[in-house]
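I have placed the structure first, in the form of structure tokens, so that the comments after it can refer back to it.
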Amino acid sequence: MDAERLLPDCSSQNGVNAEKGSSPKVTFAVVCSSFIVLCCFFTYGCAYSTFGSLLLFGSMLGAIISGKVADIIGRRGALWFAELLLIIGWLAIAFAKGVWWLIVGRLLLGFSTGVQTYVSIVYLAETIPPNNRGGFTMASQFMACAGIAVMFSFGNIIPWRFLALIGTIPCIIQLIGLFFVPESPRWLANVGRQKELEASLQWLRGKETDISQEAAEIQDCNQSLYKQPISRFQELLETRYARPVSIGVGLSFLLPWGGSNGVLLYASSIFDTAGCNVGIATTTMSFIQIPFSVLGVLLMDKFGRRPLLMVDLAGACLGGLLIGVGFLLQDLKLPVDLSATTVFVGMQMFFAFYAFGAGLPFVIIAEVFPMNIKGTAGSLAAFINYLNSWIVAYVFNFLFKWSSAGAFFIFSIIYALLILFVLKMLPETKKKSLEEIQALWTQEVH
């Protein structure tokens, strides 16, 4: 391969002082900007638990353009654009005068969240100090779980129009808050806005912090990357991007087939079929996710992405097996209490581990793609994720009617295959700057 087409060597651009092992500290500004950006995940949790498969279809459409929009108008600009559409979508539902208002509103919610869920994670990955990046980005899962819990808790007692109005609250918070959030320093470096890069980095790291070294490292690495512009999806097939693209696309394709979207959409039917008390079971399911999502946030930067993702996949695999065994016991005409209890425990375990690590793949995808292909590759990965999530949500009911036990045994097998995929393909990115992660692919090419 022509040497000019190889990935640039960013191994010296560490984003941290390699000799001293230091890393920028988390400032109040970082916390505030992260909270503002993460508000979209609360909205996503509210919307997904309410509108399901139509939302996923809209998300698939939004995912197609998410990376390109973020590259053209910036991370903050893309979030603004999506937030405006999100508010319009909620209002269309709240004041719907016919079925088409509801359809358009739901599609707008999906389209907007398809843009936001990827762009927001990219923004966090590009602004949070390496030692804390995992925990902050995993907070997206906590916010989504909180949104799901709110809708499951109040969905049966509050009119749906009022629920739609509640959905606008985090949107308005984010829309206003984005006026006070700086643009991603790495995107500013990519478009050659050096002074704004330094101002943004200074705001994030604190007025008294010397940001000269970090700014220089970001600028130097991105200048090297942008000597090799990427504008077409076909170029992602080149050998130099094989590993990061395989990781991002592989996770995006395989994870939805673990069935989590279908199980969440049909949770009430699953509990009812098993003979569980649906109200108690769904409420427990929604609230058990919150402490486990918090646990994922706390452990992410301590133990790393690889071990936590494997624990998450193993737990979901075991939960799926228990659900399958529960329905198998039902098929064998064994006592209803035994099969119902087994399904109940399996479902709680399945969603506990879903909450624990469901946000991890998006964290990894935001980290592994080099800056010059982040828009194109990120759009592809997000599109594949939402496409397969929509397919699984659509076919889940057919699978469940075919064989309740068989459906969950299939999901468990897929989780087992995912563990092997992670073991084989995924490097540990804990406490590495984006430039250091870039250097991993450079070393492999050379």
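To be explicit about the labels: the chains of the structure tokens are called A, B, and onward in the order shown, and within each one the residues are counted from 1, while ligands get numbers from 1 in the order they are shown.
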
> Which polymer residues have any atom within 10 Å of an atom of segment 380-382 of chain A, counting only C-alpha atoms, with same-chain residues fewer than 4 positions away left out, as JSON, numbers by chain?
Replying inline: {"A": [59, 60, 61, 62, 63, 64, 65, 66, 67, 114, 115, 117, 118, 233, 236, 245, 246, 247, 248, 249, 250, 251, 252, 253, 362, 365, 374, 375, 376, 386, 387]}

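Near segment 425-427 of chain A, within 7 Å and counting only C-alpha atoms, sit Ile247, Arg306, Phe421, Val422, Leu423 and Thr429 of chain A; same-chain residues fewer than 2 positions away were not included.
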
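Within the 10 Å cut-off around Gly167 of chain A, using only C-alpha atoms and omitting residues fewer than 6 positions from it on the same chain, the listed residues are Phe42, Thr43, Tyr44, Gly45, Cys46, Ala47, Leu86, Ile87, Gly89, Trp90, Leu91, Ala94, Gly147, Met151 and Arg161 of chain A.
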
Selection file, all heavy atoms, as a compact mmCIF listing (two decimals), in the first residue's frame:
# COMPACT_ATOMS: atom_id res chain seq x y z
N PHE A 42 -32.49 11.24 28.22
CA PHE A 42 -33.72 11.14 29.01
C PHE A 42 -34.92 11.19 28.07
O PHE A 42 -35.86 10.40 28.20
CB PHE A 42 -33.78 12.28 30.02
CG PHE A 42 -34.97 12.21 30.93
CD1 PHE A 42 -34.90 11.50 32.12
CD2 PHE A 42 -36.16 12.85 30.60
CE1 PHE A 42 -36.01 11.43 32.97
CE2 PHE A 42 -37.27 12.78 31.43
CZ PHE A 42 -37.18 12.06 32.62
N THR A 43 -34.85 12.09 27.11
CA THR A 43 -35.93 12.19 26.12
C THR A 43 -36.04 10.90 25.32
O THR A 43 -37.14 10.42 25.03
CB THR A 43 -35.67 13.37 25.16
OG1 THR A 43 -35.57 14.57 25.93
CG2 THR A 43 -36.77 13.51 24.14
N TYR A 44 -34.88 10.34 24.95
CA TYR A 44 -34.89 9.08 24.19
C TYR A 44 -35.56 7.97 24.98
O TYR A 44 -36.37 7.21 24.44
CB TYR A 44 -33.46 8.67 23.84
CG TYR A 44 -33.38 7.34 23.12
CD1 TYR A 44 -33.74 7.25 21.78
CD2 TYR A 44 -32.95 6.19 23.78
CE1 TYR A 44 -33.68 6.04 21.12
CE2 TYR A 44 -32.89 4.98 23.12
CZ TYR A 44 -33.26 4.91 21.79
OH TYR A 44 -33.22 3.70 21.14
N GLY A 45 -35.26 7.87 26.28
CA GLY A 45 -35.89 6.86 27.12
C GLY A 45 -37.39 7.05 27.19
O GLY A 45 -38.16 6.09 27.11
N CYS A 46 -37.83 8.30 27.31
CA CYS A 46 -39.26 8.60 27.35
C CYS A 46 -39.93 8.21 26.03
O CYS A 46 -40.98 7.55 26.02
CB CYS A 46 -39.49 10.09 27.60
SG CYS A 46 -39.02 10.67 29.24
N ALA A 47 -39.32 8.60 24.93
CA ALA A 47 -39.91 8.37 23.62
C ALA A 47 -39.92 6.89 23.26
O ALA A 47 -40.91 6.36 22.75
CB ALA A 47 -39.15 9.17 22.55
N LEU A 86 -37.11 17.73 17.63
CA LEU A 86 -37.63 16.92 18.73
C LEU A 86 -38.80 17.62 19.42
O LEU A 86 -39.84 17.00 19.71
CB LEU A 86 -36.51 16.64 19.73
CG LEU A 86 -36.66 15.44 20.68
CD1 LEU A 86 -36.87 14.16 19.91
CD2 LEU A 86 -35.43 15.33 21.56
N ILE A 87 -38.64 18.91 19.68
CA ILE A 87 -39.72 19.68 20.32
C ILE A 87 -40.94 19.73 19.42
O ILE A 87 -42.09 19.55 19.88
CB ILE A 87 -39.23 21.10 20.65
CG1 ILE A 87 -38.17 21.04 21.76
CG2 ILE A 87 -40.41 21.99 21.09
CD1 ILE A 87 -37.50 22.37 22.05
N GLY A 89 -41.78 17.50 17.27
CA GLY A 89 -42.37 16.16 17.31
C GLY A 89 -43.24 15.94 18.53
O GLY A 89 -44.36 15.43 18.44
N TRP A 90 -42.73 16.33 19.71
CA TRP A 90 -43.52 16.18 20.94
C TRP A 90 -44.80 17.01 20.87
O TRP A 90 -45.88 16.56 21.28
CB TRP A 90 -42.70 16.62 22.15
CG TRP A 90 -41.71 15.62 22.67
CD1 TRP A 90 -40.36 15.78 22.77
CD2 TRP A 90 -41.99 14.31 23.20
NE1 TRP A 90 -39.77 14.66 23.32
CE2 TRP A 90 -40.75 13.75 23.59
CE3 TRP A 90 -43.14 13.56 23.37
CZ2 TRP A 90 -40.64 12.47 24.14
CZ3 TRP A 90 -43.05 12.28 23.92
CH2 TRP A 90 -41.81 11.75 24.29
N LEU A 91 -44.69 18.25 20.36
CA LEU A 91 -45.86 19.12 20.29
C LEU A 91 -46.88 18.58 19.28
O LEU A 91 -48.10 18.71 19.49
CB LEU A 91 -45.44 20.54 19.91
CG LEU A 91 -44.62 21.29 20.96
CD1 LEU A 91 -44.19 22.66 20.44
CD2 LEU A 91 -45.40 21.44 22.28
N ALA A 94 -48.68 15.95 21.23
CA ALA A 94 -49.50 16.51 22.31
C ALA A 94 -50.78 17.16 21.79
O ALA A 94 -51.83 17.07 22.43
CB ALA A 94 -48.68 17.52 23.11
N GLY A 147 -35.59 8.00 31.91
CA GLY A 147 -36.72 8.32 31.04
C GLY A 147 -37.68 7.16 30.91
O GLY A 147 -38.91 7.33 30.94
N MET A 151 -41.74 6.98 32.22
CA MET A 151 -42.87 6.65 31.37
C MET A 151 -43.59 5.38 31.83
O MET A 151 -44.82 5.29 31.77
CB MET A 151 -42.40 6.51 29.91
CG MET A 151 -42.04 7.83 29.28
SD MET A 151 -43.44 8.99 29.32
CE MET A 151 -42.74 10.45 28.58
N ARG A 161 -51.30 12.78 26.09
CA ARG A 161 -50.97 14.13 25.61
C ARG A 161 -50.12 14.88 26.65
O ARG A 161 -49.19 15.61 26.28
CB ARG A 161 -52.26 14.92 25.32
CG ARG A 161 -53.04 14.40 24.13
CD ARG A 161 -54.29 15.24 23.88
NE ARG A 161 -55.14 14.69 22.83
CZ ARG A 161 -55.01 14.95 21.53
NH1 ARG A 161 -54.06 15.78 21.13
NH2 ARG A 161 -55.83 14.41 20.65

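Put simply, atom CA of Lys430 of chain A is 28.1 Å away from atom CA of Val69 of chain A.
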
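Atom CA of Ala352 of chain A lies 28.6 Å from atom CA of Leu165 of chain A.
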
> as a count of residues only, which residues of segment 35-263 of chain A does DSSP assign to alpha helix (DSSP H)?
Replying inline: 177

>> When you look at segment 193-205 of chain A with a cut-off of 8 Å (counting only C-alpha atoms), what residues show up, excluding the ones that are within fewer than 6 positions of it in the same chain? I need them as an MDAnalysis selection string.
In response: chainID A and resid 24:27 29:30 127 182:186 211:212 215

>> What's around Leu360 of chain A at 8 Å? Count only C-alpha atoms, leave out sequence neighbours fewer than 6 positions away in its own chain, and write the answer as a ChimeraX atom specification.
In response: /A:138,305,309

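With only C-alpha atoms taken into account, the protein and nucleic acid residues at most 8 Å from segment 264-274 of chain A (excluding it and anything under 2 positions from it in its own chain) are Ser49, Gly52, Ser53, Ser260, Asn261, Gly262, Cys276, Asn277, Val278, Ala281, Thr282, Gly326, Phe327, Gln330, Val336, Ser339, Ala340, Val343, Phe344, Ala393 and Asn397 of chain A.
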